[in-house]
>>> print(open('data-v1.pdb').read())   # PDB, C-alpha atoms
MODEL        1
ATOM      1  CA  MET A 370     101.357 -29.666  47.314
ATOM      2  CA  GLU A 371     102.413 -27.753  44.218
ATOM      3  CA  GLY A 372     105.889 -28.719  43.050
ATOM      4  CA  LYS A 373     106.166 -31.505  45.615
ATOM      5  CA  LYS A 374     104.427 -34.436  44.000
ATOM      6  CA  ALA A 375     107.468 -36.673  44.489
ATOM      7  CA  THR A 376     106.861 -36.666  48.262
ATOM      8  CA  LEU A 377     103.519 -38.444  47.810
ATOM      9  CA  SER A 378     104.336 -42.115  48.157
ATOM     10  CA  VAL A 379     101.847 -44.971  48.411
ATOM     11  CA  PRO A 380     101.756 -46.428  51.935
ATOM     12  CA  ALA A 381     102.016 -50.171  52.526
ATOM     13  CA  TYR A 382      98.915 -52.240  53.238
ATOM     14  CA  GLY A 383      97.587 -51.538  56.737
ATOM     15  CA  HIS A 384      99.240 -48.119  56.810
ATOM     16  CA  VAL A 385      97.893 -44.602  56.374
ATOM     17  CA  ILE A 386      99.942 -41.497  55.702
ATOM     18  CA  ALA A 387      98.309 -38.538  57.466
ATOM     19  CA  SER A 388      99.061 -34.850  57.502
ATOM     20  CA  GLU A 389     100.815 -33.795  60.696
ATOM     21  CA  LYS A 390      97.866 -31.552  61.611
ATOM     22  CA  TRP A 391      95.754 -34.648  62.346
ATOM     23  CA  ARG A 392      98.143 -36.116  64.961
ATOM     24  CA  ASN A 393      95.995 -35.497  68.054
ATOM     25  CA  SER A 394      92.580 -35.666  66.379
ATOM     26  CA  SER A 395      89.700 -37.956  67.326
ATOM     27  CA  LEU A 396      89.765 -39.284  63.755
ATOM     28  CA  ILE A 397      93.298 -40.647  64.183
ATOM     29  CA  GLN A 398      92.485 -42.045  67.614
ATOM     30  CA  SER A 399      89.606 -44.003  66.074
ATOM     31  CA  LEU A 400      91.773 -45.682  63.405
ATOM     32  CA  LYS A 401      92.313 -48.820  65.435
ATOM     33  CA  GLY A 402      94.554 -51.499  63.977
ATOM     34  CA  LEU A 403      96.247 -49.255  61.424
ATOM     35  CA  LYS A 404      99.786 -47.909  61.404
ATOM     36  CA  ILE A 405      99.695 -44.128  61.039
ATOM     37  CA  LEU A 406     102.656 -42.371  59.451
ATOM     38  CA  PHE A 407     102.582 -38.615  59.927
ATOM     39  CA  GLU A 408     103.926 -36.364  57.194
ATOM     40  CA  SER A 409     104.294 -32.585  57.280
ATOM     41  CA  ASP A 410     104.732 -32.249  53.514
ATOM     42  CA  LEU A 411     101.440 -33.419  51.982
ATOM     43  CA  GLY A 412     100.374 -29.970  50.791
ATOM     44  CA  VAL A 413      96.587 -29.650  50.838
ATOM     45  CA  ALA A 414      95.984 -33.416  51.046
ATOM     46  CA  ASP A 415      95.045 -34.911  54.393
ATOM     47  CA  PHE A 416      95.436 -38.677  53.930
ATOM     48  CA  LEU A 417      97.081 -41.167  51.551
ATOM     49  CA  LEU A 418      95.815 -44.765  51.531
ATOM     50  CA  PRO A 419      97.348 -48.038  50.272
ATOM     51  CA  ASN A 420      94.981 -48.291  47.274
ATOM     52  CA  LYS A 421      96.296 -44.960  45.938
ATOM     53  CA  ASN A 422      93.397 -42.951  47.281
ATOM     54  CA  CYS A 423      94.275 -39.385  48.231
ATOM     55  CA  ILE A 424      91.804 -37.671  50.554
ATOM     56  CA  LEU A 425      91.026 -34.034  51.207
ATOM     57  CA  TYR A 426      88.886 -33.480  54.289
ATOM     58  CA  LEU A 427      86.528 -30.490  54.505
ATOM     59  CA  SER A 428      85.313 -29.892  58.023
ATOM     60  CA  GLU A 429      82.217 -28.036  59.102
ATOM     61  CA  CYS A 430      84.434 -25.028  59.891
ATOM     62  CA  ASP A 431      86.048 -25.126  56.435
ATOM     63  CA  VAL A 432      82.650 -24.950  54.756
ATOM     64  CA  ILE A 433      81.134 -22.272  56.985
ATOM     65  CA  ALA A 434      84.258 -20.100  56.714
ATOM     66  CA  GLY A 435      83.394 -19.272  53.099
ATOM     67  CA  ALA A 436      84.490 -19.822  49.520
ATOM     68  CA  ALA A 437      88.184 -20.296  50.350
ATOM     69  CA  TYR A 438      87.596 -24.042  50.321
ATOM     70  CA  LYS A 439      86.943 -23.841  46.561
ATOM     71  CA  ARG A 440      90.471 -22.601  45.899
ATOM     72  CA  LYS A 441      91.778 -25.382  48.099
ATOM     73  CA  LEU A 442      89.793 -27.952  46.124
ATOM     74  CA  VAL A 443      91.123 -26.664  42.801
ATOM     75  CA  ARG A 444      94.733 -26.870  44.058
ATOM     76  CA  TYR A 445      94.043 -30.380  45.300
ATOM     77  CA  ARG A 446      92.570 -31.507  41.971
ATOM     78  CA  ASN A 447      95.543 -30.111  40.062
ATOM     79  CA  ALA A 448      98.308 -31.402  42.338
ATOM     80  CA  CYS A 449      97.451 -35.030  43.077
ATOM     81  CA  SER A 450      96.832 -36.445  39.604
ATOM     82  CA  SER A 451      98.751 -39.690  40.174
ATOM     83  CA  PHE A 452      96.315 -40.648  42.958
ATOM     84  CA  GLN A 453      92.551 -41.153  42.985
ATOM     85  CA  GLU A 454      91.343 -37.912  44.525
ATOM     86  CA  LEU A 455      88.453 -38.128  46.975
ATOM     87  CA  VAL A 456      86.805 -35.325  48.918
ATOM     88  CA  VAL A 457      85.347 -36.121  52.336
ATOM     89  CA  VAL A 458      82.921 -33.457  53.600
ATOM     90  CA  GLU A 459      81.324 -33.151  57.019
ATOM     91  CA  LYS A 460      77.600 -32.994  56.314
ATOM     92  CA  THR A 461      76.236 -31.598  59.562
ATOM     93  CA  ARG A 462      73.128 -29.592  60.374
ATOM     94  CA  LEU A 463      75.067 -26.343  59.905
ATOM     95  CA  VAL A 464      76.542 -27.487  56.582
ATOM     96  CA  GLU A 465      73.219 -28.697  55.164
ATOM     97  CA  GLN A 466      72.356 -25.361  53.545
ATOM     98  CA  TYR A 467      75.704 -25.273  51.693
ATOM     99  CA  PHE A 468      75.887 -28.921  50.722
ATOM    100  CA  TRP A 469      74.138 -28.762  47.353
ATOM    101  CA  ALA A 470      76.549 -26.027  46.185
ATOM    102  CA  ILE A 471      79.529 -28.055  47.433
ATOM    103  CA  GLN A 472      78.263 -31.164  45.676
ATOM    104  CA  LYS A 473      77.837 -29.327  42.370
ATOM    105  CA  PHE A 474      81.310 -27.799  42.597
ATOM    106  CA  VAL A 475      83.135 -30.991  43.609
ATOM    107  CA  VAL A 476      81.290 -33.489  41.417
ATOM    108  CA  LEU A 477      80.069 -31.533  38.408
ATOM    109  CA  GLU A 478      82.812 -28.965  37.927
ATOM    110  CA  LEU A 479      85.920 -30.673  39.277
ATOM    111  CA  GLY A 480      84.929 -34.246  38.412
ATOM    112  CA  LEU A 481      85.915 -35.582  41.842
ATOM    113  CA  THR A 482      84.149 -38.074  44.088
ATOM    114  CA  LEU A 483      82.458 -36.596  47.148
ATOM    115  CA  LEU A 484      81.869 -38.657  50.298
ATOM    116  CA  PRO A 485      79.721 -37.102  53.059
ATOM    117  CA  VAL A 486      80.329 -38.020  56.704
ATOM    118  CA  GLY A 487      78.676 -36.979  59.940
ATOM    119  CA  GLY A 488      81.981 -36.164  61.621
ATOM    120  CA  GLN A 489      85.472 -37.454  62.372
ATOM    121  CA  THR A 490      84.305 -40.706  63.943
ATOM    122  CA  GLU A 491      82.308 -41.629  60.854
ATOM    123  CA  ALA A 492      85.221 -40.526  58.678
ATOM    124  CA  SER A 493      87.565 -42.887  60.535
ATOM    125  CA  GLN A 494      85.179 -45.782  59.847
ATOM    126  CA  LEU A 495      85.199 -44.865  56.167
ATOM    127  CA  LEU A 496      89.017 -44.814  56.073
ATOM    128  CA  LEU A 497      89.186 -48.157  57.863
ATOM    129  CA  GLN A 498      86.871 -49.710  55.308
ATOM    130  CA  MET A 499      88.861 -48.285  52.409
ATOM    131  CA  VAL A 500      92.203 -49.465  53.796
ATOM    132  CA  HIS A 501      90.895 -52.974  54.416
ATOM    133  CA  THR A 502      89.681 -53.202  50.812
ATOM    134  CA  ALA A 503      93.106 -52.213  49.465
ATOM    135  CA  GLY A 504      94.244 -54.673  46.816
ATOM    136  CA  LYS A 505      90.692 -55.168  45.579
ATOM    137  CA  ASP A 506      89.092 -53.192  42.777
ATOM    138  CA  ASN A 507      89.016 -49.525  43.769
ATOM    139  CA  PRO A 508      85.297 -48.648  44.056
ATOM    140  CA  PHE A 509      86.067 -44.960  43.516
ATOM    141  CA  SER A 510      88.164 -45.317  40.368
ATOM    142  CA  ARG A 511      87.211 -42.928  37.575
ATOM    143  CA  LYS A 512      87.555 -45.845  35.180
ATOM    144  CA  SER A 513      85.044 -47.930  37.080
ATOM    145  CA  SER A 514      81.337 -47.679  36.400
ATOM    146  CA  SER A 515      80.703 -48.437  40.071
ATOM    147  CA  GLY A 516      82.501 -45.171  40.923
ATOM    148  CA  LEU A 517      80.306 -43.249  38.524
ATOM    149  CA  LEU A 518      77.182 -44.812  39.963
ATOM    150  CA  TYR A 519      77.996 -43.610  43.435
ATOM    151  CA  PRO A 520      74.592 -42.677  44.953
ATOM    152  CA  LEU A 521      75.296 -38.973  45.342
ATOM    153  CA  VAL A 522      76.357 -38.632  41.708
ATOM    154  CA  LEU A 523      73.316 -40.571  40.581
ATOM    155  CA  ALA A 524      71.074 -38.395  42.734
ATOM    156  CA  THR A 525      72.641 -35.256  41.252
ATOM    157  CA  VAL A 526      71.873 -36.345  37.680
ATOM    158  CA  GLN A 527      68.313 -37.263  38.670
ATOM    159  CA  GLN A 528      67.704 -33.693  39.818
ATOM    160  CA  VAL A 529      67.780 -32.550  36.189
ATOM    161  CA  PRO A 530      64.165 -31.951  35.037
ATOM    162  CA  GLY A 531      62.948 -34.863  32.939
ATOM    163  CA  VAL A 532      65.745 -37.232  33.996
ATOM    164  CA  GLY A 533      64.678 -40.153  36.154
ATOM    165  CA  ARG A 534      66.673 -43.064  37.487
ATOM    166  CA  VAL A 535      66.627 -45.058  34.233
ATOM    167  CA  LYS A 536      67.949 -42.187  32.126
ATOM    168  CA  ALA A 537      70.499 -41.228  34.775
ATOM    169  CA  LEU A 538      71.857 -44.773  34.869
ATOM    170  CA  ALA A 539      72.060 -44.866  31.073
ATOM    171  CA  LEU A 540      73.988 -41.599  30.997
ATOM    172  CA  LEU A 541      76.475 -42.667  33.660
ATOM    173  CA  GLU A 542      77.072 -45.986  31.945
ATOM    174  CA  LEU A 543      77.889 -44.293  28.635
ATOM    175  CA  PHE A 544      80.151 -41.458  29.755
ATOM    176  CA  SER A 545      83.412 -42.520  31.386
ATOM    177  CA  SER A 546      83.470 -39.653  33.904
ATOM    178  CA  ILE A 547      81.121 -37.099  35.415
ATOM    179  CA  HIS A 548      83.335 -34.447  33.831
ATOM    180  CA  GLN A 549      82.536 -35.825  30.366
ATOM    181  CA  LEU A 550      78.832 -35.781  31.146
ATOM    182  CA  CYS A 551      79.025 -32.135  32.202
ATOM    183  CA  HIS A 552      80.676 -31.195  28.902
ATOM    184  CA  ALA A 553      78.734 -33.463  26.561
ATOM    185  CA  THR A 554      77.038 -31.829  23.578
ATOM    186  CA  VAL A 555      73.271 -31.792  23.166
ATOM    187  CA  ALA A 556      73.603 -34.189  20.233
ATOM    188  CA  GLU A 557      75.582 -36.697  22.314
ATOM    189  CA  LEU A 558      73.051 -36.531  25.131
ATOM    190  CA  GLU A 559      70.096 -36.751  22.759
ATOM    191  CA  ALA A 560      71.287 -40.129  21.483
ATOM    192  CA  VAL A 561      70.822 -41.487  25.015
ATOM    193  CA  VAL A 562      67.852 -39.666  26.556
ATOM    194  CA  GLY A 563      66.022 -37.913  23.734
ATOM    195  CA  GLN A 564      65.825 -34.279  22.672
ATOM    196  CA  ALA A 565      63.883 -32.725  25.560
ATOM    197  CA  ALA A 566      65.907 -34.357  28.333
ATOM    198  CA  ALA A 567      69.165 -33.669  26.482
ATOM    199  CA  GLN A 568      68.405 -29.954  26.378
ATOM    200  CA  ASN A 569      67.468 -29.964  30.061
ATOM    201  CA  ILE A 570      70.735 -31.684  30.986
ATOM    202  CA  HIS A 571      72.836 -29.313  28.911
ATOM    203  CA  THR A 572      71.114 -26.277  30.433
ATOM    204  CA  PHE A 573      71.367 -27.649  33.967
ATOM    205  CA  PHE A 574      75.104 -28.337  33.828
ATOM    206  CA  TYR A 575      75.870 -25.103  31.991
ATOM    207  CA  LYS A 576      74.119 -23.047  34.649
ATOM    208  CA  SER A 577      75.845 -25.025  37.409
ATOM    209  CA  THR A 578      79.240 -24.346  35.874
ATOM    210  CA  VAL A 579      78.589 -20.634  35.368
ATOM    211  CA  ALA A 580      77.259 -20.258  38.913
ATOM    212  CA  GLY A 581      80.440 -21.752  40.354
ATOM    213  CA  ARG A 582      82.829 -19.416  38.515
TER     214      ARG A 582
ENDMDL
END
>>> encode(input="data-v1.pdb", output="structure tokens")
Amino acid sequence: MEGKKATLSVPAYGHVIASEKWRNSSLIQSLKGLKILFESDLGVADFLLPNKNCILYLSECDVIAGAAYKRKLVRYRNACSSFQELVVVEKTRLVEQYFWAIQKFVVLELGLTLLPVGGQTEASQLLLQMVHTAGKDNPFSRKSSSGLLYPLVLATVQQVPGVGRVKALALLELFSSIHQLCHATVAELEAVVGQAAAQNIHTFFYKSTVAGR
């Protein structure tokens, strides 16, 4: 996708632009009622939707194959800035053991929204829902608090020792992105959750970031 951002155009309502590699997939076959436009020049992106959502799909094979998917995610984050970048990950039985590490990398380090699916059929239902809500408020917008309060992000923050649901909600309401929360100072966090929890949060995110390097 590097150097080819101009090729990423927003499809019309009811349309989806898909990477050519998906042409004969079960996911495409399940997108009933939508017009699919295939494009061979989307770079690492897999789908473009009418509400300016850009989707990267990580399959079970992508995850099990190793850390190469991290480099792909970084290229995706850096190359599709004019779109709302979403990462769809197949969360299967085989992926379960890797999922926490994927979630930390995608959400905490890259600041992207992660959406788990059981497979291509479930992914097609997700895309259908997102296309049919085009024109409404984008629920995954970084500027929207509803995007920040996505259940997986909320659950991630609640895994910090000493941070329950109330404190997690307060944190996500104050900081405009998960990226800002990851890089907040202890003093900024302390004003919201108190000294002990602030230190726990800072330590938790710092270790997560270092582990992913």
>>> residues_around(input="data-v1.pdb", residues="Leu558 of chain A", least_positions_apart="6", cutoff="10 Å", atoms="all atoms listed in the file", output="JSON, numbers by chain")
{"A": [540, 543, 544, 550, 564, 565, 566, 567, 568, 569, 570, 571]}
>>> residues_around(input="data-v1.pdb", residues="His384 of chain A", least_positions_apart="2", cutoff="8 Å", atoms="only C-alpha atoms", output="list in words")
Pro380, Ala381, Tyr382, Ile386, Leu403, Lys404, Ile405, Leu406, Leu418, Pro419 and Val500 of chain A
>>> resolve_selection(input="data-v1.pdb", expression="the PyMOL selection byres ((chain A and resi 482) around 6)", output="PyMOL selection string")
chain A and resi 455+481+483
>>> closest_residue(input="data-v1.pdb", among="A:Ala434, A:Val443, A:Ala492, A:Val535", to="Val458 of chain A", atoms="only C-alpha atoms")
A:Ala492
>>> residues_around(input="data-v1.pdb", residues="Leu417 of chain A", least_positions_apart="5", cutoff="6 Å", atoms="all atoms listed in the file", output="CSV table (one decimal) with C-alpha atoms, in the coordinates of the input")
chain,number,residue,atom,x,y,z
A,385,VAL,CA,97.9,-44.6,56.4
A,386,ILE,CA,99.9,-41.5,55.7
A,422,ASN,CA,93.4,-43.0,47.3
A,423,CYS,CA,94.3,-39.4,48.2
>>> resolve_selection(input="data-v1.pdb", expression="the PyMOL selection byres ((chain A and resi 415) around 9)", output="PyMOL selection string")
chain A and resi 386-391+411-414+416-417+423-426
>>> atom_distance(input="data-v1.pdb", atom1="atom CA of Ala470 of chain A", atom2="atom CA of Val555 of chain A")
24.0 Å
